[in-house]
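Read through the structure below, which is laid out as structure tokens, and then see the notes.
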Number of protein chains: 4
Amino acid sequence: MKLKRAALNIVIDPDAPIPIYMQIIIQIKGLIASKVLAPGDKLPSVRKLSRQLGVNPNTVARAYQELEREGIIRTTRGIGAFVGKPTLKVSAQQRSEFMSRILDYLFTEAYHLQYSKEELYSMFMQRLEQWNPDKSC
Amino acid sequence: MKLKRAALNIVIDPDAPIPIYMQIIIQIKGLIASKVLAPGDKLPSVRKLSRQLGVNPNTVARAYQELEREGIIRTTRGIGAFVGKPTLKVSAQQRSEFMSRILDYLFTEAYHLQYSKEELYSMFMQRLEQWNPDKSC
Amino acid sequence: MKLKRAALNIVIDPDAPIPIYMQIIIQIKGLIASKVLAPGDKLPSVRKLSRQLGVNPNTVARAYQELEREGIIRTTRGIGAFVGKPTLKVSAQQRSEFMSRILDYLFTEAYHLQYSKEELYSMFMQRLEQWNPDKSC
Amino acid sequence: MKLKRAALNIVIDPDAPIPIYMQIIIQIKGLIASKVLAPGDKLPSVRKLSRQLGVNPNTVARAYQELEREGIIRTTRGIGAFVGKPTLKVSAQQRSEFMSRILDYLFTEAYHLQYSKEELYSMFMQRLEQWNPDKSC
DNA sequence: GTGGTCTAGACCACA
DNA sequence: GTGGTCTAGACCACC
């Protein structure tokens, strides 16, 4: 009996306002951040993942290409796609500007959802505590 | 002589990947969250704001429509658009799910940008301290 | 009678080993470098250029997207694509490494084509003299 | 005891966008141009080089085939592959057209990377001075 | 087998 | 009208 690697836990919502290829990108980045995927791991082939998700191979290919451009994965023709080693391709300024924009978004939405200072703080801290960016899984 | 309210501080980047109407929405929500706009304040008319931003009136109208759908503003034909009182239109579950998704995004990006726990904590706390959701302006 | 902007002088060789979308990128960059296209100029629409070149609109769209990522052009949905102002998005190191690689290629090919030092020098200088990177056209 | 020739200094980047066999071709042409390999020198066998580079023997074989097609090397079954005498297989017109295309590319990229006339000149001259196409090694 | 490119044609979001 | 996304399916280059 053949051993099968577990399929990646990715869910696509074709009706979401955000494009499918972007959903794939975000979720793969999430799987890496949560250590489900580690540097060197092989990603499913374009065709395989497209079958699994029920989308067109082109759509998965596009997601992989964007991930490669961001330096998140490496792909080699005839071989496959692999999770890359974490390397920073952006300047310190871009890095903090980008994070700043996300925090803008977070606080604005928190306001409109009427979060209190305490509620937001505790929600954030709970996540932060179980967040281990550097410890190996 | 007519008294003129200062123009809203909204900046449009026509080259951004995110649509102009969305940029308007985000920034109006941001102005409300930062207390520049308070409940009951009159928003500029569609025509006026479109002239100020140099965009098509349709684009501003679309932004106002979406804001009204979210319950952020109220518009009355022939009168104008006004900032609404903060009222929650979503269930407690939706509220926390939505916030959770934003935090997912925050931590995932923080990971790929190689933020340390400490760095992320201090960046968040700095923002939290100067955030006053309930105090009246 | 309607005034028609002259079509861009772009030639596609579908049999070339280099992809069509890349041929389009290279030639548009060439047209900008040679001042045929200046910052602010409107590029033909995706559909129009695809008809002119006899290729699929997707292929042109891909070329435009890559050019936008390189910061060479700006595109806005519903409006069109425009030549951007020259701005450098790469580090000094990347810049000189990239140029160095092109020179490697130049000298290696020159060797195998048996160019003499003098011949190569005069060919280069002839081009350099008529090269005006900053003078406005 | 057997005398061993030093291994060729060839570096493969499996993640580069350009195919591996092409990387081999370019670097062998470079080694010849820089006189590390001279006419008559024996190239490593396909198997040996493939082991050294950690790539598939087919990939090295393909590189050798293309080099032979270009007249750069000669291969004899059962004997091995040897660097050929420099012989021009192209017409004068093809030769100058090809060089012209490389210069097009050079100047276009220099423009977009915002090289000045002086900077480009000095970069070129520096390379030209240490370039000795005809002197025997 | 792998990923890369291209076509044909569709629908959507935007201005 | 514009560009953006997606599907269906094809062929190629590479390993």
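Ordering of the structure tokens sets the chain letters (A, B, ...), residue numbers begin anew at 1 in every chain, and ligands are numbered from 1 in the order given.
Once range 18-32 of chain D and its same-chain neighbours fewer than 3 positions away are set aside, Thr108 of chain C; Ile10, Ile12, Pro14, Lys35, Val36, Leu37, Ala38, Thr59, Val60, Arg62, Ala63 and Leu67 of chain D remain within 7 Å of it when counting only C-alpha atoms (C1' of nucleotides).
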Check: which chain E residues lie within 12 Å of chain C using only C-alpha atoms (C1' of nucleotides), as a PDB file with all heavy atoms, in the first residue's frame:
```pdb
ATOM      1  P    DG E   4       6.893  27.470 -13.144  1.00  0.00           P
ATOM      2  OP1  DG E   4       7.969  28.414 -12.833  1.00  0.00           O
ATOM      3  OP2  DG E   4       5.505  27.698 -12.684  1.00  0.00           O
ATOM      4  O5'  DG E   4       6.861  27.272 -14.732  1.00  0.00           O
ATOM      5  C5'  DG E   4       8.087  27.363 -15.454  1.00  0.00           C
ATOM      6  C4'  DG E   4       7.793  27.863 -16.854  1.00  0.00           C
ATOM      7  O4'  DG E   4       7.014  26.888 -17.553  1.00  0.00           O
ATOM      8  C3'  DG E   4       6.984  29.158 -16.881  1.00  0.00           C
ATOM      9  O3'  DG E   4       7.528  29.996 -17.904  1.00  0.00           O
ATOM     10  C2'  DG E   4       5.578  28.706 -17.206  1.00  0.00           C
ATOM     11  C1'  DG E   4       5.848  27.485 -18.087  1.00  0.00           C
ATOM     12  N9   DG E   4       4.785  26.489 -18.045  1.00  0.00           N
ATOM     13  C8   DG E   4       4.148  26.009 -16.934  1.00  0.00           C
ATOM     14  N7   DG E   4       3.230  25.115 -17.203  1.00  0.00           N
ATOM     15  C5   DG E   4       3.270  24.995 -18.587  1.00  0.00           C
ATOM     16  C6   DG E   4       2.507  24.181 -19.452  1.00  0.00           C
ATOM     17  O6   DG E   4       1.619  23.374 -19.167  1.00  0.00           O
ATOM     18  N1   DG E   4       2.861  24.387 -20.791  1.00  0.00           N
ATOM     19  C2   DG E   4       3.826  25.242 -21.224  1.00  0.00           C
ATOM     20  N2   DG E   4       4.029  25.302 -22.540  1.00  0.00           N
ATOM     21  N3   DG E   4       4.546  26.011 -20.409  1.00  0.00           N
ATOM     22  C4   DG E   4       4.214  25.838 -19.109  1.00  0.00           C
ATOM     23  P    DT E   5       6.878  31.405 -18.194  1.00  0.00           P
ATOM     24  OP1  DT E   5       7.972  32.255 -18.660  1.00  0.00           O
ATOM     25  OP2  DT E   5       6.006  31.810 -17.069  1.00  0.00           O
ATOM     26  O5'  DT E   5       5.943  31.095 -19.433  1.00  0.00           O
ATOM     27  C5'  DT E   5       6.543  30.677 -20.644  1.00  0.00           C
ATOM     28  C4'  DT E   5       5.458  30.357 -21.636  1.00  0.00           C
ATOM     29  O4'  DT E   5       4.611  29.324 -21.118  1.00  0.00           O
ATOM     30  C3'  DT E   5       4.530  31.539 -21.949  1.00  0.00           C
ATOM     31  O3'  DT E   5       4.810  31.925 -23.275  1.00  0.00           O
ATOM     32  C2'  DT E   5       3.114  30.974 -21.758  1.00  0.00           C
ATOM     33  C1'  DT E   5       3.344  29.465 -21.711  1.00  0.00           C
ATOM     34  N1   DT E   5       2.389  28.671 -20.900  1.00  0.00           N
ATOM     35  C2   DT E   5       1.583  27.763 -21.528  1.00  0.00           C
ATOM     36  O2   DT E   5       1.595  27.575 -22.722  1.00  0.00           O
ATOM     37  N3   DT E   5       0.741  27.063 -20.683  1.00  0.00           N
ATOM     38  C4   DT E   5       0.639  27.202 -19.318  1.00  0.00           C
ATOM     39  O4   DT E   5      -0.146  26.516 -18.669  1.00  0.00           O
ATOM     40  C5   DT E   5       1.525  28.174 -18.725  1.00  0.00           C
ATOM     41  C7   DT E   5       1.502  28.394 -17.249  1.00  0.00           C
ATOM     42  C6   DT E   5       2.345  28.859 -19.536  1.00  0.00           C
ATOM     43  P    DC E   6       4.135  33.203 -23.903  1.00  0.00           P
ATOM     44  OP1  DC E   6       4.983  33.641 -25.026  1.00  0.00           O
ATOM     45  OP2  DC E   6       3.808  34.121 -22.807  1.00  0.00           O
ATOM     46  O5'  DC E   6       2.770  32.648 -24.497  1.00  0.00           O
ATOM     47  C5'  DC E   6       2.816  31.694 -25.547  1.00  0.00           C
ATOM     48  C4'  DC E   6       1.421  31.167 -25.799  1.00  0.00           C
ATOM     49  O4'  DC E   6       1.006  30.368 -24.675  1.00  0.00           O
ATOM     50  C3'  DC E   6       0.355  32.247 -25.929  1.00  0.00           C
ATOM     51  O3'  DC E   6       0.104  32.460 -27.315  1.00  0.00           O
ATOM     52  C2'  DC E   6      -0.859  31.676 -25.185  1.00  0.00           C
ATOM     53  C1'  DC E   6      -0.397  30.289 -24.738  1.00  0.00           C
ATOM     54  N1   DC E   6      -0.893  29.890 -23.389  1.00  0.00           N
ATOM     55  C2   DC E   6      -1.841  28.872 -23.277  1.00  0.00           C
ATOM     56  O2   DC E   6      -2.250  28.342 -24.308  1.00  0.00           O
ATOM     57  N3   DC E   6      -2.288  28.511 -22.052  1.00  0.00           N
ATOM     58  C4   DC E   6      -1.810  29.110 -20.960  1.00  0.00           C
ATOM     59  N4   DC E   6      -2.268  28.724 -19.779  1.00  0.00           N
ATOM     60  C5   DC E   6      -0.835  30.154 -21.056  1.00  0.00           C
ATOM     61  C6   DC E   6      -0.405  30.511 -22.273  1.00  0.00           C
ATOM     62  P    DT E   7      -1.047  33.457 -27.800  1.00  0.00           P
ATOM     63  OP1  DT E   7      -0.756  33.817 -29.192  1.00  0.00           O
ATOM     64  OP2  DT E   7      -1.231  34.496 -26.786  1.00  0.00           O
ATOM     65  O5'  DT E   7      -2.354  32.539 -27.807  1.00  0.00           O
ATOM     66  C5'  DT E   7      -2.334  31.335 -28.576  1.00  0.00           C
ATOM     67  C4'  DT E   7      -3.688  30.673 -28.514  1.00  0.00           C
ATOM     68  O4'  DT E   7      -3.901  30.102 -27.200  1.00  0.00           O
ATOM     69  C3'  DT E   7      -4.873  31.614 -28.766  1.00  0.00           C
ATOM     70  O3'  DT E   7      -5.758  30.998 -29.678  1.00  0.00           O
ATOM     71  C2'  DT E   7      -5.511  31.784 -27.395  1.00  0.00           C
ATOM     72  C1'  DT E   7      -5.183  30.452 -26.734  1.00  0.00           C
ATOM     73  N1   DT E   7      -5.098  30.507 -25.253  1.00  0.00           N
ATOM     74  C2   DT E   7      -5.853  29.650 -24.515  1.00  0.00           C
ATOM     75  O2   DT E   7      -6.617  28.845 -25.003  1.00  0.00           O
ATOM     76  N3   DT E   7      -5.692  29.786 -23.156  1.00  0.00           N
ATOM     77  C4   DT E   7      -4.870  30.662 -22.496  1.00  0.00           C
ATOM     78  O4   DT E   7      -4.805  30.680 -21.276  1.00  0.00           O
ATOM     79  C5   DT E   7      -4.098  31.533 -23.337  1.00  0.00           C
ATOM     80  C7   DT E   7      -3.172  32.526 -22.727  1.00  0.00           C
ATOM     81  C6   DT E   7      -4.243  31.412 -24.663  1.00  0.00           C
ATOM     82  P    DA E   8      -6.687  31.851 -30.653  1.00  0.00           P
ATOM     83  OP1  DA E   8      -6.618  31.248 -31.996  1.00  0.00           O
ATOM     84  OP2  DA E   8      -6.418  33.298 -30.478  1.00  0.00           O
ATOM     85  O5'  DA E   8      -8.131  31.556 -30.024  1.00  0.00           O
ATOM     86  C5'  DA E   8      -8.536  30.223 -29.824  1.00  0.00           C
ATOM     87  C4'  DA E   8      -9.724  30.220 -28.880  1.00  0.00           C
ATOM     88  O4'  DA E   8      -9.236  30.230 -27.513  1.00  0.00           O
ATOM     89  C3'  DA E   8     -10.631  31.453 -29.014  1.00  0.00           C
ATOM     90  O3'  DA E   8     -11.927  31.044 -29.404  1.00  0.00           O
ATOM     91  C2'  DA E   8     -10.613  32.108 -27.647  1.00  0.00           C
ATOM     92  C1'  DA E   8     -10.128  30.999 -26.734  1.00  0.00           C
ATOM     93  N9   DA E   8      -9.384  31.522 -25.601  1.00  0.00           N
ATOM     94  C8   DA E   8      -8.486  32.551 -25.616  1.00  0.00           C
ATOM     95  N7   DA E   8      -7.979  32.838 -24.442  1.00  0.00           N
ATOM     96  C5   DA E   8      -8.591  31.939 -23.588  1.00  0.00           C
ATOM     97  C6   DA E   8      -8.486  31.718 -22.204  1.00  0.00           C
ATOM     98  N6   DA E   8      -7.690  32.437 -21.418  1.00  0.00           N
ATOM     99  N1   DA E   8      -9.234  30.724 -21.672  1.00  0.00           N
ATOM    100  C2   DA E   8     -10.025  30.010 -22.475  1.00  0.00           C
ATOM    101  N3   DA E   8     -10.199  30.121 -23.781  1.00  0.00           N
ATOM    102  C4   DA E   8      -9.455  31.111 -24.288  1.00  0.00           C
ATOM    103  P    DG E   9     -13.071  32.117 -29.754  1.00  0.00           P
ATOM    104  OP1  DG E   9     -13.988  31.471 -30.710  1.00  0.00           O
ATOM    105  OP2  DG E   9     -12.457  33.425 -30.080  1.00  0.00           O
ATOM    106  O5'  DG E   9     -13.808  32.239 -28.345  1.00  0.00           O
ATOM    107  C5'  DG E   9     -14.077  31.086 -27.578  1.00  0.00           C
ATOM    108  C4'  DG E   9     -14.409  31.509 -26.166  1.00  0.00           C
ATOM    109  O4'  DG E   9     -13.215  31.804 -25.413  1.00  0.00           O
ATOM    110  C3'  DG E   9     -15.277  32.784 -26.102  1.00  0.00           C
ATOM    111  O3'  DG E   9     -16.402  32.528 -25.297  1.00  0.00           O
ATOM    112  C2'  DG E   9     -14.337  33.790 -25.469  1.00  0.00           C
ATOM    113  C1'  DG E   9     -13.520  32.877 -24.550  1.00  0.00           C
ATOM    114  N9   DG E   9     -12.346  33.516 -23.992  1.00  0.00           N
ATOM    115  C8   DG E   9     -11.461  34.361 -24.622  1.00  0.00           C
ATOM    116  N7   DG E   9     -10.527  34.821 -23.824  1.00  0.00           N
ATOM    117  C5   DG E   9     -10.810  34.242 -22.599  1.00  0.00           C
ATOM    118  C6   DG E   9     -10.150  34.377 -21.347  1.00  0.00           C
ATOM    119  O6   DG E   9      -9.151  35.035 -21.072  1.00  0.00           O
ATOM    120  N1   DG E   9     -10.763  33.626 -20.355  1.00  0.00           N
ATOM    121  C2   DG E   9     -11.876  32.850 -20.558  1.00  0.00           C
ATOM    122  N2   DG E   9     -12.340  32.200 -19.501  1.00  0.00           N
ATOM    123  N3   DG E   9     -12.509  32.714 -21.722  1.00  0.00           N
ATOM    124  C4   DG E   9     -11.928  33.442 -22.685  1.00  0.00           C
ATOM    125  P    DC E  12     -20.834  37.860 -14.048  1.00  0.00           P
ATOM    126  OP1  DC E  12     -21.698  37.228 -13.049  1.00  0.00           O
ATOM    127  OP2  DC E  12     -21.384  38.761 -15.081  1.00  0.00           O
ATOM    128  O5'  DC E  12     -19.688  38.659 -13.284  1.00  0.00           O
ATOM    129  C5'  DC E  12     -18.695  37.937 -12.560  1.00  0.00           C
ATOM    130  C4'  DC E  12     -17.627  38.912 -12.092  1.00  0.00           C
ATOM    131  O4'  DC E  12     -16.774  39.275 -13.189  1.00  0.00           O
ATOM    132  C3'  DC E  12     -18.205  40.218 -11.558  1.00  0.00           C
ATOM    133  O3'  DC E  12     -17.610  40.501 -10.307  1.00  0.00           O
ATOM    134  C2'  DC E  12     -17.838  41.254 -12.592  1.00  0.00           C
ATOM    135  C1'  DC E  12     -16.573  40.665 -13.194  1.00  0.00           C
ATOM    136  N1   DC E  12     -16.314  41.079 -14.598  1.00  0.00           N
ATOM    137  C2   DC E  12     -15.099  41.707 -14.906  1.00  0.00           C
ATOM    138  O2   DC E  12     -14.284  41.920 -14.014  1.00  0.00           O
ATOM    139  N3   DC E  12     -14.869  42.089 -16.187  1.00  0.00           N
ATOM    140  C4   DC E  12     -15.774  41.847 -17.127  1.00  0.00           C
ATOM    141  N4   DC E  12     -15.507  42.225 -18.377  1.00  0.00           N
ATOM    142  C5   DC E  12     -17.011  41.197 -16.833  1.00  0.00           C
ATOM    143  C6   DC E  12     -17.240  40.833 -15.566  1.00  0.00           C
ATOM    144  P    DA E  13     -18.158  41.673  -9.412  1.00  0.00           P
ATOM    145  OP1  DA E  13     -18.168  41.164  -8.029  1.00  0.00           O
ATOM    146  OP2  DA E  13     -19.369  42.260 -10.030  1.00  0.00           O
ATOM    147  O5'  DA E  13     -17.011  42.766  -9.506  1.00  0.00           O
ATOM    148  C5'  DA E  13     -15.680  42.401  -9.198  1.00  0.00           C
ATOM    149  C4'  DA E  13     -14.811  43.620  -9.389  1.00  0.00           C
ATOM    150  O4'  DA E  13     -14.636  43.873 -10.797  1.00  0.00           O
ATOM    151  C3'  DA E  13     -15.403  44.900  -8.812  1.00  0.00           C
ATOM    152  O3'  DA E  13     -14.322  45.642  -8.280  1.00  0.00           O
ATOM    153  C2'  DA E  13     -16.038  45.589 -10.020  1.00  0.00           C
ATOM    154  C1'  DA E  13     -15.081  45.189 -11.129  1.00  0.00           C
ATOM    155  N9   DA E  13     -15.656  45.083 -12.470  1.00  0.00           N
ATOM    156  C8   DA E  13     -16.843  44.520 -12.838  1.00  0.00           C
ATOM    157  N7   DA E  13     -17.066  44.560 -14.139  1.00  0.00           N
ATOM    158  C5   DA E  13     -15.941  45.179 -14.643  1.00  0.00           C
ATOM    159  C6   DA E  13     -15.552  45.525 -15.949  1.00  0.00           C
ATOM    160  N6   DA E  13     -16.300  45.267 -17.017  1.00  0.00           N
ATOM    161  N1   DA E  13     -14.372  46.150 -16.100  1.00  0.00           N
ATOM    162  C2   DA E  13     -13.630  46.395 -15.016  1.00  0.00           C
ATOM    163  N3   DA E  13     -13.882  46.119 -13.747  1.00  0.00           N
ATOM    164  C4   DA E  13     -15.060  45.505 -13.625  1.00  0.00           C
ATOM    165  P    DC E  14     -14.600  46.963  -7.458  1.00  0.00           P
ATOM    166  OP1  DC E  14     -13.560  46.989  -6.417  1.00  0.00           O
ATOM    167  OP2  DC E  14     -16.031  47.052  -7.137  1.00  0.00           O
ATOM    168  O5'  DC E  14     -14.259  48.104  -8.513  1.00  0.00           O
ATOM    169  C5'  DC E  14     -12.970  48.111  -9.109  1.00  0.00           C
ATOM    170  C4'  DC E  14     -12.974  49.087 -10.255  1.00  0.00           C
ATOM    171  O4'  DC E  14     -13.789  48.587 -11.321  1.00  0.00           O
ATOM    172  C3'  DC E  14     -13.541  50.464  -9.922  1.00  0.00           C
ATOM    173  O3'  DC E  14     -12.443  51.359  -9.850  1.00  0.00           O
ATOM    174  C2'  DC E  14     -14.510  50.766 -11.063  1.00  0.00           C
ATOM    175  C1'  DC E  14     -14.166  49.696 -12.095  1.00  0.00           C
ATOM    176  N1   DC E  14     -15.266  49.245 -12.980  1.00  0.00           N
ATOM    177  C2   DC E  14     -15.152  49.447 -14.365  1.00  0.00           C
ATOM    178  O2   DC E  14     -14.155  50.026 -14.802  1.00  0.00           O
ATOM    179  N3   DC E  14     -16.145  49.019 -15.178  1.00  0.00           N
ATOM    180  C4   DC E  14     -17.207  48.397 -14.670  1.00  0.00           C
ATOM    181  N4   DC E  14     -18.147  47.981 -15.513  1.00  0.00           N
ATOM    182  C5   DC E  14     -17.344  48.162 -13.269  1.00  0.00           C
ATOM    183  C6   DC E  14     -16.364  48.602 -12.467  1.00  0.00           C
ATOM    184  P    DA E  15     -12.647  52.862  -9.457  1.00  0.00           P
ATOM    185  OP1  DA E  15     -11.349  53.391  -9.018  1.00  0.00           O
ATOM    186  OP2  DA E  15     -13.832  52.984  -8.594  1.00  0.00           O
ATOM    187  O5'  DA E  15     -12.987  53.501 -10.872  1.00  0.00           O
ATOM    188  C5'  DA E  15     -11.954  53.569 -11.829  1.00  0.00           C
ATOM    189  C4'  DA E  15     -12.412  54.428 -13.000  1.00  0.00           C
ATOM    190  O4'  DA E  15     -13.417  53.719 -13.747  1.00  0.00           O
ATOM    191  C3'  DA E  15     -13.026  55.767 -12.613  1.00  0.00           C
ATOM    192  O3'  DA E  15     -12.474  56.772 -13.442  1.00  0.00           O
ATOM    193  C2'  DA E  15     -14.523  55.579 -12.881  1.00  0.00           C
ATOM    194  C1'  DA E  15     -14.502  54.579 -14.018  1.00  0.00           C
ATOM    195  N9   DA E  15     -15.671  53.694 -14.103  1.00  0.00           N
ATOM    196  C8   DA E  15     -16.356  53.114 -13.076  1.00  0.00           C
ATOM    197  N7   DA E  15     -17.346  52.350 -13.464  1.00  0.00           N
ATOM    198  C5   DA E  15     -17.306  52.426 -14.850  1.00  0.00           C
ATOM    199  C6   DA E  15     -18.099  51.857 -15.853  1.00  0.00           C
ATOM    200  N6   DA E  15     -19.118  51.039 -15.604  1.00  0.00           N
ATOM    201  N1   DA E  15     -17.785  52.139 -17.138  1.00  0.00           N
ATOM    202  C2   DA E  15     -16.742  52.961 -17.396  1.00  0.00           C
ATOM    203  N3   DA E  15     -15.931  53.562 -16.526  1.00  0.00           N
ATOM    204  C4   DA E  15     -16.269  53.254 -15.262  1.00  0.00           C
TER     205       DA E  15
END
```
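With CA of Leu53 in chain A on one side and CA of Gln94 in chain B on the other, the separation reads 25.5 Å.
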Q: Determine which residues of chain C DSSP labels as alpha helix (DSSP H) from the backbone of this structure, then write them out as a PyMOL selection string.
A: chain C and resi 20-33+46-53+57-69+92-112+117-129
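What chain A places within 12 Å of chain C, counting only C-alpha atoms, is Arg62, Gln65, Glu66, Arg69, Glu70, Lys89, Val90, Ser91 and Gln94 of chain A.
Overlaying chain B on chain A with a least-squares fit of every Cα atom yields 0.6 Å as the RMSD.
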(Q) Taking 4 positions as the minimum chain separation for residues in the same chain, which residues sit within 10 Å of Glu68 in chain B when counting only C-alpha atoms (C1' of nucleotides)? Answer as an MDAnalysis selection string. (A) chainID B and resid 62:64 72:75 81:84
Please determine the contact residues of chain F with respect to chain A at a cut-off of 10 Å, counting only C-alpha atoms (C1' of nucleotides), and supply them as a short mmCIF file (atom, residue, chain, number, x, y, z; two decimals) with N, CA, C and O atoms (P, O5', C5', C4', C3', O3' and C1' of nucleotides), in the first residue's frame.
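Listing of selection37.cif after writing:
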```cif
data_model
loop_
_atom_site.label_atom_id
_atom_site.label_comp_id
_atom_site.auth_asym_id
_atom_site.auth_seq_id
_atom_site.Cartn_x
_atom_site.Cartn_y
_atom_site.Cartn_z
P DG F 4 -4.90 44.99 -14.58
"O5'" DG F 4 -6.20 44.20 -14.12
"C5'" DG F 4 -6.81 44.56 -12.88
"C4'" DG F 4 -7.50 43.35 -12.31
"C3'" DG F 4 -6.59 42.14 -12.18
"O3'" DG F 4 -6.91 41.49 -10.94
"C1'" DG F 4 -8.43 41.59 -13.54
P DT F 5 -6.13 40.19 -10.53
"O5'" DT F 5 -7.14 39.05 -10.95
"C5'" DT F 5 -8.40 38.98 -10.30
"C4'" DT F 5 -9.21 37.89 -10.93
"C3'" DT F 5 -8.55 36.51 -10.85
"O3'" DT F 5 -9.33 35.75 -9.95
"C1'" DT F 5 -9.58 36.92 -12.97
P DC F 6 -8.87 34.31 -9.50
"O5'" DC F 6 -9.51 33.38 -10.61
"C5'" DC F 6 -10.93 33.33 -10.74
"C4'" DC F 6 -11.29 32.54 -11.98
"C3'" DC F 6 -10.54 31.21 -12.12
"O3'" DC F 6 -11.42 30.17 -11.71
"C1'" DC F 6 -10.84 32.39 -14.21
P DT F 7 -10.98 28.65 -11.81
"O5'" DT F 7 -11.44 28.28 -13.28
"C5'" DT F 7 -12.82 28.46 -13.63
"C4'" DT F 7 -13.05 27.96 -15.04
"C3'" DT F 7 -12.48 26.57 -15.33
"O3'" DT F 7 -13.47 25.79 -15.99
"C1'" DT F 7 -11.70 28.11 -16.93
P DA F 8 -13.51 24.22 -15.87
"O5'" DA F 8 -13.06 23.77 -17.33
"C5'" DA F 8 -13.78 24.28 -18.47
"C4'" DA F 8 -12.93 24.06 -19.70
"C3'" DA F 8 -12.11 22.78 -19.66
"O3'" DA F 8 -12.59 21.88 -20.66
"C1'" DA F 8 -10.82 24.63 -20.42
P DA F 13 10.08 23.25 -26.86
"O5'" DA F 13 10.57 23.38 -25.36
"C5'" DA F 13 10.46 24.63 -24.70
"C4'" DA F 13 11.02 24.47 -23.31
"C3'" DA F 13 12.34 23.70 -23.29
"O3'" DA F 13 13.15 24.31 -22.30
"C1'" DA F 13 10.73 22.56 -21.99
P DC F 14 14.63 23.86 -22.09
"O5'" DC F 14 14.54 22.94 -20.79
"C5'" DC F 14 13.97 23.51 -19.62
"C4'" DC F 14 13.71 22.39 -18.63
"C3'" DC F 14 14.90 21.48 -18.39
"O3'" DC F 14 15.38 21.77 -17.09
"C1'" DC F 14 12.84 20.29 -18.50
P DC F 15 16.67 21.16 -16.48
"O5'" DC F 15 16.15 19.80 -15.84
"C5'" DC F 15 15.16 19.87 -14.84
"C4'" DC F 15 14.85 18.48 -14.35
"C3'" DC F 15 16.06 17.56 -14.20
"O3'" DC F 15 15.99 16.93 -12.94
"C1'" DC F 15 14.39 16.49 -15.46
#
```
Q: Using DSSP on the backbone coordinates, identify all residues within chain B classified as strand (DSSP E); present the result as a PyMOL selection string.
A: chain B and resi 42-43+73-76+80-83
With N, CA and C atoms retained, could you export that selection as a compact mmCIF listing (two decimals), in the first residue's frame?
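Here's the written file again-v3.txt:
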```
# COMPACT_ATOMS: atom_id res chain seq x y z
N LYS B 42 -21.76 66.01 9.29
CA LYS B 42 -22.17 65.90 7.89
C LYS B 42 -20.96 65.58 7.02
N LEU B 43 -21.13 64.59 6.17
CA LEU B 43 -20.06 64.30 5.21
C LEU B 43 -20.21 65.23 4.01
N ILE B 73 -22.62 55.07 8.06
CA ILE B 73 -23.20 56.38 7.81
C ILE B 73 -24.68 56.23 7.44
N ARG B 74 -25.42 57.36 7.54
CA ARG B 74 -26.81 57.40 7.09
C ARG B 74 -26.90 58.45 6.00
N THR B 75 -27.60 58.14 4.94
CA THR B 75 -27.78 59.16 3.90
C THR B 75 -29.27 59.38 3.69
N THR B 76 -29.62 60.63 3.50
CA THR B 76 -31.01 60.97 3.22
C THR B 76 -31.03 61.78 1.94
N GLY B 80 -28.25 64.85 2.60
CA GLY B 80 -26.83 64.60 2.65
C GLY B 80 -26.51 63.34 3.41
N ALA B 81 -25.24 63.13 3.66
CA ALA B 81 -24.80 61.93 4.37
C ALA B 81 -24.21 62.33 5.72
N PHE B 82 -24.51 61.55 6.74
CA PHE B 82 -24.06 61.87 8.09
C PHE B 82 -23.44 60.65 8.75
N VAL B 83 -22.45 60.91 9.57
CA VAL B 83 -21.85 59.83 10.35
C VAL B 83 -22.88 59.28 11.32
```
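Pairwise distance (CA of Pro86 in chain A, CA of Ile102 in chain B) equals 22.6 Å.
Going from CA of Ala7 in chain D to CA of Pro39 in chain D covers 17.2 Å.
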Q: May I have the residues within 8 Å of Met99 in chain D as JSON, numbers by chain, using only C-alpha atoms (C1' of nucleotides) and disregarding those fewer than 5 positions away in the same chain?
A: {"C": [106, 109, 110]}
